[in-house]
>>> print(open('run_38.cif').read())   # mmCIF, C-alpha atoms
data_run
loop_
_atom_site.label_atom_id
_atom_site.label_comp_id
_atom_site.auth_asym_id
_atom_site.auth_seq_id
_atom_site.Cartn_x
_atom_site.Cartn_y
_atom_site.Cartn_z
CA MET A 27 -14.90 -17.45 -17.97
CA ILE A 28 -11.48 -17.86 -16.37
CA ALA A 29 -11.42 -14.19 -15.27
CA ILE A 30 -14.25 -14.52 -12.72
CA TYR A 31 -12.55 -17.62 -11.29
CA VAL A 32 -9.36 -15.63 -10.81
CA CYS A 33 -11.34 -12.82 -9.12
CA ALA A 34 -13.09 -15.28 -6.78
CA GLY A 35 -9.79 -16.94 -5.85
CA ILE A 36 -8.16 -13.58 -5.14
CA ALA A 37 -11.15 -12.54 -3.01
CA VAL A 38 -11.05 -15.70 -0.85
CA TYR A 39 -7.24 -15.53 -0.46
CA ALA A 40 -7.32 -11.85 0.55
CA ALA A 41 -10.21 -12.50 2.97
CA LEU A 42 -8.16 -15.24 4.66
CA ARG A 43 -5.18 -12.86 4.84
CA VAL A 44 -7.44 -10.20 6.39
CA ILE A 45 -8.82 -12.55 9.04
CA PHE A 46 -5.55 -14.17 10.11
CA GLN A 47 -3.58 -10.92 10.25
CA ARG A 48 -3.33 -9.61 13.81
CA ASN A 49 -2.16 -6.04 13.15
CA THR A 50 -5.02 -3.67 12.30
CA MET A 51 -2.96 -1.48 9.99
CA ARG A 52 -1.83 -4.46 7.92
CA LYS A 53 -5.45 -5.65 7.54
CA LEU A 54 -6.55 -2.56 5.60
CA PRO A 55 -4.66 -3.10 2.26
CA PHE A 56 -6.04 -6.62 2.04
CA LEU A 57 -9.51 -5.24 2.70
CA ASN A 58 -8.96 -3.07 -0.39
CA VAL A 59 -7.88 -6.19 -2.30
CA VAL A 60 -11.15 -7.91 -1.32
CA SER A 61 -13.08 -4.88 -2.54
CA PHE A 62 -11.31 -4.81 -5.91
CA ALA A 63 -11.80 -8.55 -6.45
CA VAL A 64 -15.51 -8.33 -5.59
CA THR A 65 -15.84 -5.36 -7.96
CA GLY A 66 -14.40 -7.55 -10.73
CA MET A 67 -16.79 -10.36 -9.83
CA ILE A 68 -19.78 -7.97 -9.97
CA ALA A 69 -18.71 -6.60 -13.35
CA LEU A 70 -18.23 -10.08 -14.85
CA LEU A 71 -21.28 -11.78 -13.34
CA LEU A 72 -24.16 -10.70 -15.60
CA PRO A 73 -24.09 -9.73 -19.30
CA HIS A 74 -26.19 -6.61 -18.74
CA PRO A 75 -25.16 -3.01 -19.58
CA ILE A 76 -26.09 -1.49 -16.19
CA THR A 77 -23.83 -3.97 -14.38
CA ILE A 78 -20.87 -1.65 -14.90
CA ALA A 79 -22.78 1.12 -13.07
CA ALA A 80 -23.39 -1.24 -10.14
CA ALA A 81 -19.69 -2.16 -10.12
CA ALA A 82 -18.71 1.52 -10.13
CA ALA A 83 -21.14 2.29 -7.29
CA TYR A 84 -19.80 -0.61 -5.23
CA PHE A 85 -16.23 0.48 -5.94
CA VAL A 86 -16.91 4.03 -4.74
CA GLY A 87 -18.77 2.88 -1.64
CA SER A 88 -16.28 0.24 -0.59
CA THR A 89 -13.27 2.51 -1.06
CA LEU A 90 -15.03 5.22 0.94
CA GLU A 91 -15.76 2.78 3.77
CA SER A 92 -12.23 1.40 3.90
CA ASN A 93 -10.65 4.84 3.84
CA ALA A 94 -13.03 6.05 6.55
CA ILE A 95 -11.94 3.17 8.81
CA ALA A 96 -8.25 3.89 8.07
CA SER A 97 -8.64 7.63 8.66
CA THR A 98 -10.47 7.19 11.96
CA TRP A 99 -7.95 4.61 13.16
CA ALA A 100 -4.97 6.85 12.39
CA GLY A 101 -6.57 9.98 13.87
CA GLY A 102 -7.66 8.17 17.01
CA ILE A 103 -4.14 6.94 17.75
CA LYS A 104 -2.67 10.40 17.10
CA LYS A 105 -5.15 12.11 19.42
CA ASP A 106 -4.70 9.45 22.09
CA GLU A 107 -0.93 9.88 22.35
CA MET B 3 -29.23 -23.32 -8.76
CA MET B 4 -31.37 -24.55 -5.88
CA ILE B 5 -30.24 -26.40 -2.79
CA ALA B 6 -33.03 -28.59 -1.33
CA GLU B 7 -35.77 -26.48 -2.99
CA TYR B 8 -34.44 -23.24 -1.49
CA PRO B 9 -32.27 -20.65 -3.22
CA PRO B 10 -28.78 -20.47 -1.68
CA GLU B 11 -29.07 -16.87 -0.44
CA PHE B 12 -32.09 -17.89 1.67
CA LEU B 13 -30.09 -20.54 3.54
CA ILE B 14 -27.00 -18.35 3.93
CA GLY B 15 -29.21 -15.52 5.17
CA LEU B 16 -30.80 -17.76 7.80
CA VAL B 17 -27.35 -18.88 9.01
CA ILE B 18 -26.15 -15.27 9.29
CA LEU B 19 -29.40 -14.27 11.02
CA VAL B 20 -29.01 -16.93 13.72
CA ILE B 21 -25.28 -16.27 14.25
CA GLY B 22 -25.77 -12.50 14.38
CA THR B 23 -28.71 -12.73 16.78
CA ILE B 24 -26.67 -14.87 19.19
CA ALA B 25 -23.73 -12.46 18.88
CA THR B 26 -26.01 -9.47 19.55
CA ALA B 27 -27.70 -11.07 22.55
CA PHE B 28 -24.43 -12.05 24.23
CA PRO B 29 -21.73 -9.56 23.18
CA ARG B 30 -18.23 -10.42 24.40
CA PRO B 31 -17.12 -7.04 25.78
CA LYS B 32 -20.51 -6.16 27.27
CA ASP B 33 -20.66 -2.75 25.69
CA TYR B 34 -23.06 -0.56 23.73
CA LEU B 35 -20.62 -0.22 20.82
CA THR B 36 -20.03 -3.97 20.49
CA ARG B 37 -23.76 -4.59 20.60
CA LEU B 38 -24.38 -1.97 17.89
CA ILE B 39 -21.71 -3.43 15.59
CA ASN B 40 -23.08 -6.93 16.15
CA LEU B 41 -26.56 -5.61 15.32
CA GLU B 42 -25.33 -4.96 11.76
CA ILE B 43 -24.83 -8.70 11.17
CA PRO B 44 -28.48 -9.88 11.43
CA GLY B 45 -29.52 -6.79 9.47
CA TRP B 46 -27.55 -7.97 6.46
CA GLY B 47 -28.74 -11.52 7.05
CA LEU B 48 -32.35 -10.33 6.96
CA LEU B 49 -31.62 -8.41 3.73
CA LEU B 50 -30.24 -11.64 2.26
CA VAL B 51 -33.38 -13.56 3.27
CA MET B 52 -35.60 -10.82 1.82
CA LEU B 53 -33.58 -11.01 -1.40
CA SER B 54 -35.03 -14.44 -2.23
CA TYR B 55 -38.55 -13.04 -2.63
CA ASN B 56 -37.79 -10.58 -5.49
CA GLU B 57 -39.37 -7.50 -3.90
CA ALA B 58 -37.24 -4.52 -4.94
CA LEU B 59 -39.16 -1.82 -3.05
CA ALA B 60 -38.93 -3.76 0.22
CA LEU B 61 -35.15 -3.96 -0.16
CA PHE B 62 -34.91 -0.19 -0.83
CA THR B 63 -36.96 0.60 2.26
CA PHE B 64 -35.13 -1.85 4.46
CA GLY B 65 -31.69 -0.49 3.54
CA ALA B 66 -32.70 3.12 4.10
CA ILE B 67 -34.39 2.42 7.44
CA SER B 68 -31.44 0.30 8.64
CA VAL B 69 -29.01 3.20 8.14
CA LEU B 70 -31.47 5.66 9.71
CA SER B 71 -31.92 3.49 12.82
CA THR B 72 -28.13 3.13 13.11
CA TYR B 73 -27.83 6.93 13.09
CA ILE B 74 -30.52 7.23 15.77
CA TYR B 75 -28.76 4.65 17.97
CA VAL B 76 -25.46 6.53 17.55
CA ARG B 77 -27.11 9.81 18.62
CA VAL B 78 -28.70 8.10 21.63
CA MET B 79 -25.36 6.60 22.66
CA GLN B 80 -23.58 9.96 22.38
CA LYS B 81 -26.31 11.71 24.36
CA LYS B 82 -26.54 9.05 27.06
CA ALA B 83 -22.86 8.29 27.61
CA GLY B 84 -21.58 11.85 27.26
CA GLY B 85 -18.35 10.82 25.55
CA ALA B 86 -17.06 7.62 27.19
CA GLY B 87 -19.60 4.94 26.55
CA THR B 88 -17.91 2.25 28.61
CA MET C 13 -23.90 -17.82 -10.94
CA ASN C 14 -21.97 -21.06 -11.17
CA GLU C 15 -20.83 -23.22 -8.30
CA PHE C 16 -17.32 -21.87 -7.89
CA VAL C 17 -18.40 -18.24 -7.49
CA LEU C 18 -21.27 -19.33 -5.22
CA VAL C 19 -18.88 -21.26 -2.96
CA ALA C 20 -16.41 -18.35 -2.96
CA CYS C 21 -19.10 -15.84 -1.89
CA THR C 22 -20.40 -18.26 0.76
CA ILE C 23 -16.88 -18.66 2.16
CA LEU C 24 -16.47 -14.87 2.17
CA VAL C 25 -19.77 -14.34 4.04
CA LEU C 26 -19.17 -17.07 6.62
CA ILE C 27 -15.57 -15.97 7.27
CA GLY C 28 -16.68 -12.36 7.75
CA THR C 29 -19.55 -13.32 10.08
CA THR C 30 -17.42 -15.58 12.26
CA ALA C 31 -14.60 -13.05 12.52
CA ALA C 32 -17.02 -10.20 13.29
CA MET C 33 -18.50 -12.30 16.08
CA LEU C 34 -15.17 -13.32 17.61
CA GLU C 35 -13.12 -10.11 17.37
CA ARG C 36 -12.89 -7.79 20.36
CA ASP C 37 -11.46 -4.54 18.95
CA PRO C 38 -14.15 -2.33 17.29
CA PHE C 39 -11.98 -1.57 14.25
CA ASN C 40 -11.27 -5.25 13.65
CA LYS C 41 -15.01 -5.91 13.95
CA LEU C 42 -15.75 -3.24 11.34
CA ILE C 43 -13.13 -4.68 8.97
CA SER C 44 -14.65 -8.15 9.31
CA LEU C 45 -18.09 -6.62 8.70
CA ALA C 46 -16.77 -5.05 5.48
CA VAL C 47 -15.57 -8.50 4.35
CA MET C 48 -19.05 -9.90 5.06
CA ILE C 49 -20.76 -7.11 3.07
CA SER C 50 -18.36 -7.78 0.18
CA GLY C 51 -19.55 -11.37 0.11
CA ILE C 52 -23.22 -10.35 0.09
CA PHE C 53 -23.16 -8.07 -2.97
CA PRO C 54 -22.71 -10.73 -5.73
CA PHE C 55 -25.93 -12.39 -4.50
CA ILE C 56 -27.85 -9.13 -5.02
CA ILE C 57 -26.38 -8.78 -8.51
CA ASP C 58 -27.16 -12.39 -9.37
CA ARG C 59 -30.89 -11.92 -8.72
CA GLY C 60 -30.92 -9.16 -11.35
CA LEU C 61 -31.81 -6.36 -8.92
CA LEU C 62 -29.26 -3.87 -10.21
CA ASP C 63 -31.00 -0.72 -8.92
CA VAL C 64 -31.18 -2.21 -5.42
CA ALA C 65 -27.48 -3.07 -5.68
CA ILE C 66 -26.56 0.50 -6.69
CA ALA C 67 -28.63 2.05 -3.89
CA THR C 68 -27.35 -0.40 -1.25
CA ALA C 69 -23.72 0.04 -2.31
CA LEU C 70 -24.02 3.80 -1.91
CA ILE C 71 -25.99 3.64 1.37
CA ALA C 72 -24.03 0.90 3.18
CA PRO C 73 -20.84 2.96 3.94
CA LEU C 74 -22.95 5.58 5.72
CA SER C 75 -23.76 3.00 8.40
CA THR C 76 -20.07 2.31 8.98
CA ILE C 77 -19.28 6.03 9.10
CA PHE C 78 -22.04 6.59 11.69
CA ILE C 79 -20.57 3.82 13.85
CA LEU C 80 -17.08 5.33 13.45
CA MET C 81 -18.43 8.56 14.98
CA VAL C 82 -18.83 6.60 18.23
CA CYS C 83 -15.52 4.72 17.87
CA ARG C 84 -13.60 8.00 17.88
CA ARG C 85 -14.88 8.91 21.34
CA MET C 86 -13.71 5.64 22.82
CA PRO C 87 -9.93 5.03 22.72
CA ALA C 88 -9.00 1.37 22.95
#
>>> encode(input="run_38.cif", output="structure tokens")
Amino acid sequence: MIAIYVCAGIAVYAALRVIFQRNTMRKLPFLNVVSFAVTGMIALLLPHPITIAAAAAYFVGSTLESNAIASTWAGGIKKDE
Amino acid sequence: MMIAEYPPEFLIGLVILVIGTIATAFPRPKDYLTRLINLEIPGWGLLLVMLSYNEALALFTFGAISVLSTYIYVRVMQKKAGGAGT
Amino acid sequence: MNEFVLVACTILVLIGTTAAMLERDPFNKLISLAVMISGIFPFIIDRGLLDVAIATALIAPLSTIFILMVCRRMPA
């Protein structure tokens, strides 16, 4: 039961680091940390066998979203200069 | 657990719905893109309110239609603005 | 879902909503929106709607990618 508490604490700490960071490029690794911590919370929340499939789906979707934001941000700056 | 006879996701969903509606009605840079990003907030709030009624098919339909309407708004913005939407 | 996880997810959702309302750059708004969506997903799992959670987790990034198609046209 201590593992989900650790995941929740890491998620809240990384969310605060994301919000109070001013540089956009330094926000993105902590966004990934939030995603990993929430994936752990999803996997530990219910004792049901399909929960791991939901955690895997959320992991794939969240990583895709974060990397799409990072890729567009980097490409936009390169094309703008 | 229940807070004042309501499940907690109902109350959190109502709070997000009100905040997101105010943010969509009065966007800070008065822009199509800001308004579209703020429109995502009450969409998720409405999904969180609908979650407290245990209707799975309604949630499927709402998620699919939300993404489809976002795509239609993006196409309309690209066609109307012709590149620079400011 | 016990109280600690509930309070953590509520803090995550409210932080993401407030930051998405107050930010001005579109990329910072999308990052705050991703934090808010991360806080919403444990509520869907906790109701037991696992199929809805799988479908929503795979559909939700498409919305962000569609918005990023507009963000590319508009240099800040």
>>> atom_distance(input="run_38.cif", atom1="atom CA of Ile52 of chain C", atom2="atom CA of Tyr34 of chain B")
25.6 Å
>>> residues_near_point(input="run_38.cif", point="(-35.6, -2.4, -3.0)", cutoff="10 Å", atoms="only C-alpha atoms", output="ChimeraX atom specification")
/B:49,52-53,56-66 /C:61-65,67-68
>>> resolve_selection(input="run_38.cif", expression="the PyMOL selection byres ((chain A and resi 80-86) around 8)", output="compact mmCIF listing (two decimals) with C-alpha atoms, keeping the file's coordinate frame")
# COMPACT_ATOMS: atom_id res chain seq x y z
CA SER A 61 -13.08 -4.88 -2.54
CA PHE A 62 -11.31 -4.81 -5.91
CA THR A 65 -15.84 -5.36 -7.96
CA GLY A 66 -14.40 -7.55 -10.73
CA ILE A 68 -19.78 -7.97 -9.97
CA ALA A 69 -18.71 -6.60 -13.35
CA ILE A 76 -26.09 -1.49 -16.19
CA THR A 77 -23.83 -3.97 -14.38
CA ILE A 78 -20.87 -1.65 -14.90
CA ALA A 79 -22.78 1.12 -13.07
CA GLY A 87 -18.77 2.88 -1.64
CA SER A 88 -16.28 0.24 -0.59
CA THR A 89 -13.27 2.51 -1.06
CA LEU A 90 -15.03 5.22 0.94
CA LEU C 62 -29.26 -3.87 -10.21
CA ASP C 63 -31.00 -0.72 -8.92
CA ALA C 65 -27.48 -3.07 -5.68
CA ILE C 66 -26.56 0.50 -6.69
CA ALA C 69 -23.72 0.04 -2.31
CA LEU C 70 -24.02 3.80 -1.91
>>> residues_around(input="run_38.cif", residues="Leu80 of chain C", least_positions_apart="4", cutoff="12 Å", atoms="only C-alpha atoms", output="ChimeraX atom specification")
/A:91-99,101-102 /B:35,38-39,72-73,76,80 /C:38-39,41-43,73-76,84-87
>>> write_last_selection(input="run_38.cif", atoms="C-alpha atoms", output="PDB file, keeping the file's coordinate frame")
ATOM      1  CA  GLU A  91     -15.760   2.780   3.770  1.00  0.00           C
ATOM      2  CA  SER A  92     -12.230   1.400   3.900  1.00  0.00           C
ATOM      3  CA  ASN A  93     -10.650   4.840   3.840  1.00  0.00           C
ATOM      4  CA  ALA A  94     -13.030   6.050   6.550  1.00  0.00           C
ATOM      5  CA  ILE A  95     -11.940   3.170   8.810  1.00  0.00           C
ATOM      6  CA  ALA A  96      -8.250   3.890   8.070  1.00  0.00           C
ATOM      7  CA  SER A  97      -8.640   7.630   8.660  1.00  0.00           C
ATOM      8  CA  THR A  98     -10.470   7.190  11.960  1.00  0.00           C
ATOM      9  CA  TRP A  99      -7.950   4.610  13.160  1.00  0.00           C
ATOM     10  CA  GLY A 101      -6.570   9.980  13.870  1.00  0.00           C
ATOM     11  CA  GLY A 102      -7.660   8.170  17.010  1.00  0.00           C
TER      12      GLY A 102
ATOM     13  CA  LEU B  35     -20.620  -0.220  20.820  1.00  0.00           C
ATOM     14  CA  LEU B  38     -24.380  -1.970  17.890  1.00  0.00           C
ATOM     15  CA  ILE B  39     -21.710  -3.430  15.590  1.00  0.00           C
ATOM     16  CA  THR B  72     -28.130   3.130  13.110  1.00  0.00           C
ATOM     17  CA  TYR B  73     -27.830   6.930  13.090  1.00  0.00           C
ATOM     18  CA  VAL B  76     -25.460   6.530  17.550  1.00  0.00           C
ATOM     19  CA  GLN B  80     -23.580   9.960  22.380  1.00  0.00           C
TER      20      GLN B  80
ATOM     21  CA  PRO C  38     -14.150  -2.330  17.290  1.00  0.00           C
ATOM     22  CA  PHE C  39     -11.980  -1.570  14.250  1.00  0.00           C
ATOM     23  CA  LYS C  41     -15.010  -5.910  13.950  1.00  0.00           C
ATOM     24  CA  LEU C  42     -15.750  -3.240  11.340  1.00  0.00           C
ATOM     25  CA  ILE C  43     -13.130  -4.680   8.970  1.00  0.00           C
ATOM     26  CA  PRO C  73     -20.840   2.960   3.940  1.00  0.00           C
ATOM     27  CA  LEU C  74     -22.950   5.580   5.720  1.00  0.00           C
ATOM     28  CA  SER C  75     -23.760   3.000   8.400  1.00  0.00           C
ATOM     29  CA  THR C  76     -20.070   2.310   8.980  1.00  0.00           C
ATOM     30  CA  ARG C  84     -13.600   8.000  17.880  1.00  0.00           C
ATOM     31  CA  ARG C  85     -14.880   8.910  21.340  1.00  0.00           C
ATOM     32  CA  MET C  86     -13.710   5.640  22.820  1.00  0.00           C
ATOM     33  CA  PRO C  87      -9.930   5.030  22.720  1.00  0.00           C
TER      34      PRO C  87
END
>>> closest_residue(input="run_38.cif", among="B:Thr26, B:Ser54, B:Asn40, B:Ser71", to="Ile14 of chain B", atoms="all atoms listed in the file")
B:Ser54
>>> resolve_selection(input="run_38.cif", expression="the PyMOL selection byres ((chain C and resi 40) around 10)", output="list in words")
Val44, Ile45, Arg48, Asn49, Thr50, Met51, Lys53, Leu54 and Ile95 of chain A; Ala31, Ala32, Leu34, Glu35, Arg36, Asp37, Pro38, Phe39, Lys41, Leu42, Ile43, Ser44, Leu45 and Ala46 of chain C
>>> residues_around(input="run_38.cif", residues="Val59 of chain A", least_positions_apart="2", cutoff="8 Å", atoms="all atoms listed in the file", output="tab-separated table (two decimals) with C-alpha atoms, keeping the file's coordinate frame")
chain	number	residue	atom	x	y	z
A	36	ILE	CA	-8.16	-13.58	-5.14
A	37	ALA	CA	-11.15	-12.54	-3.01
A	40	ALA	CA	-7.32	-11.85	0.55
A	55	PRO	CA	-4.66	-3.10	2.26
A	56	PHE	CA	-6.04	-6.62	2.04
A	57	LEU	CA	-9.51	-5.24	2.70
A	61	SER	CA	-13.08	-4.88	-2.54
A	62	PHE	CA	-11.31	-4.81	-5.91
A	63	ALA	CA	-11.80	-8.55	-6.45
>>> closest_residue(input="run_38.cif", among="B:Ala25, B:Gly45, B:Arg37, B:Glu7", to="chain C", atoms="all atoms listed in the file")
B:Ala25
>>> atom_distance(input="run_38.cif", atom1="atom CA of Val60 of chain A", atom2="atom CA of Ser50 of chain C")
7.4 Å
>>> closest_residue(input="run_38.cif", among="B:Ala27, B:Tyr55, B:Leu70, B:Met79", to="Glu11 of chain B", atoms="only C-alpha atoms")
B:Tyr55
>>> build_atoms(input="run_38.cif", residues="segment 52-63 of chain C", atoms="all heavy atoms", output="short mmCIF file (atom, residue, chain, number, x, y, z; two decimals), keeping the file's coordinate frame")
data_model
loop_
_atom_site.label_atom_id
_atom_site.label_comp_id
_atom_site.auth_asym_id
_atom_site.auth_seq_id
_atom_site.Cartn_x
_atom_site.Cartn_y
_atom_site.Cartn_z
N ILE C 52 -21.78 -10.38 0.33
CA ILE C 52 -23.22 -10.35 0.09
C ILE C 52 -23.56 -9.77 -1.28
O ILE C 52 -24.50 -10.21 -1.93
CB ILE C 52 -23.91 -9.58 1.24
CG1 ILE C 52 -23.99 -10.48 2.47
CG2 ILE C 52 -25.29 -9.12 0.88
CD1 ILE C 52 -24.57 -9.81 3.66
N PHE C 53 -22.77 -8.79 -1.76
CA PHE C 53 -23.16 -8.07 -2.97
C PHE C 53 -23.29 -8.90 -4.25
O PHE C 53 -24.20 -8.63 -5.04
CB PHE C 53 -22.21 -6.89 -3.21
CG PHE C 53 -22.71 -5.66 -2.56
CD1 PHE C 53 -22.22 -5.26 -1.34
CD2 PHE C 53 -23.71 -4.92 -3.14
CE1 PHE C 53 -22.70 -4.14 -0.72
CE2 PHE C 53 -24.19 -3.79 -2.52
CZ PHE C 53 -23.69 -3.41 -1.31
N PRO C 54 -22.45 -9.92 -4.53
CA PRO C 54 -22.71 -10.73 -5.73
C PRO C 54 -24.04 -11.47 -5.71
O PRO C 54 -24.60 -11.71 -6.78
CB PRO C 54 -21.53 -11.71 -5.75
CG PRO C 54 -20.47 -10.99 -5.10
CD PRO C 54 -21.09 -10.21 -4.02
N PHE C 55 -24.60 -11.78 -4.53
CA PHE C 55 -25.93 -12.39 -4.50
C PHE C 55 -27.00 -11.41 -4.97
O PHE C 55 -27.94 -11.79 -5.67
CB PHE C 55 -26.26 -12.86 -3.08
CG PHE C 55 -25.49 -14.07 -2.65
CD1 PHE C 55 -24.45 -13.95 -1.77
CD2 PHE C 55 -25.79 -15.31 -3.16
CE1 PHE C 55 -23.73 -15.06 -1.37
CE2 PHE C 55 -25.08 -16.42 -2.78
CZ PHE C 55 -24.05 -16.29 -1.88
N ILE C 56 -26.87 -10.13 -4.58
CA ILE C 56 -27.85 -9.13 -5.02
C ILE C 56 -27.77 -8.94 -6.53
O ILE C 56 -28.78 -8.81 -7.21
CB ILE C 56 -27.63 -7.81 -4.27
CG1 ILE C 56 -27.69 -8.02 -2.76
CG2 ILE C 56 -28.68 -6.78 -4.65
CD1 ILE C 56 -27.45 -6.77 -1.98
N ILE C 57 -26.54 -8.93 -7.06
CA ILE C 57 -26.38 -8.78 -8.51
C ILE C 57 -26.94 -9.99 -9.25
O ILE C 57 -27.58 -9.86 -10.29
CB ILE C 57 -24.89 -8.58 -8.85
CG1 ILE C 57 -24.35 -7.30 -8.22
CG2 ILE C 57 -24.66 -8.51 -10.34
CD1 ILE C 57 -24.95 -6.06 -8.78
N ASP C 58 -26.76 -11.17 -8.67
CA ASP C 58 -27.16 -12.39 -9.37
C ASP C 58 -28.67 -12.53 -9.49
O ASP C 58 -29.17 -13.19 -10.40
CB ASP C 58 -26.58 -13.59 -8.63
CG ASP C 58 -26.82 -14.87 -9.38
OD1 ASP C 58 -26.40 -14.93 -10.55
OD2 ASP C 58 -27.45 -15.79 -8.84
N ARG C 59 -29.43 -11.89 -8.58
CA ARG C 59 -30.89 -11.92 -8.72
C ARG C 59 -31.37 -10.98 -9.81
O ARG C 59 -32.56 -10.99 -10.13
CB ARG C 59 -31.58 -11.54 -7.41
CG ARG C 59 -31.30 -12.45 -6.27
CD ARG C 59 -31.89 -13.81 -6.52
NE ARG C 59 -33.34 -13.81 -6.37
CZ ARG C 59 -34.04 -14.92 -6.21
NH1 ARG C 59 -33.42 -16.08 -6.17
NH2 ARG C 59 -35.34 -14.87 -6.10
N GLY C 60 -30.50 -10.10 -10.32
CA GLY C 60 -30.92 -9.16 -11.35
C GLY C 60 -31.43 -7.85 -10.83
O GLY C 60 -31.92 -7.03 -11.59
N LEU C 61 -31.31 -7.61 -9.50
CA LEU C 61 -31.81 -6.36 -8.92
C LEU C 61 -30.69 -5.33 -8.92
O LEU C 61 -30.07 -5.05 -7.89
CB LEU C 61 -32.31 -6.63 -7.50
CG LEU C 61 -33.43 -7.64 -7.36
CD1 LEU C 61 -33.66 -7.96 -5.90
CD2 LEU C 61 -34.69 -7.08 -7.95
N LEU C 62 -30.42 -4.75 -10.09
CA LEU C 62 -29.26 -3.87 -10.21
C LEU C 62 -29.48 -2.53 -9.53
O LEU C 62 -28.56 -1.95 -8.96
CB LEU C 62 -28.93 -3.67 -11.68
CG LEU C 62 -28.42 -4.92 -12.37
CD1 LEU C 62 -28.29 -4.69 -13.85
CD2 LEU C 62 -27.09 -5.32 -11.81
N ASP C 63 -30.73 -2.01 -9.56
CA ASP C 63 -31.00 -0.72 -8.92
C ASP C 63 -30.87 -0.84 -7.41
O ASP C 63 -30.33 0.05 -6.75
CB ASP C 63 -32.39 -0.22 -9.32
CG ASP C 63 -33.44 -1.32 -9.26
OD1 ASP C 63 -33.05 -2.47 -8.97
OD2 ASP C 63 -34.62 -1.03 -9.48
#
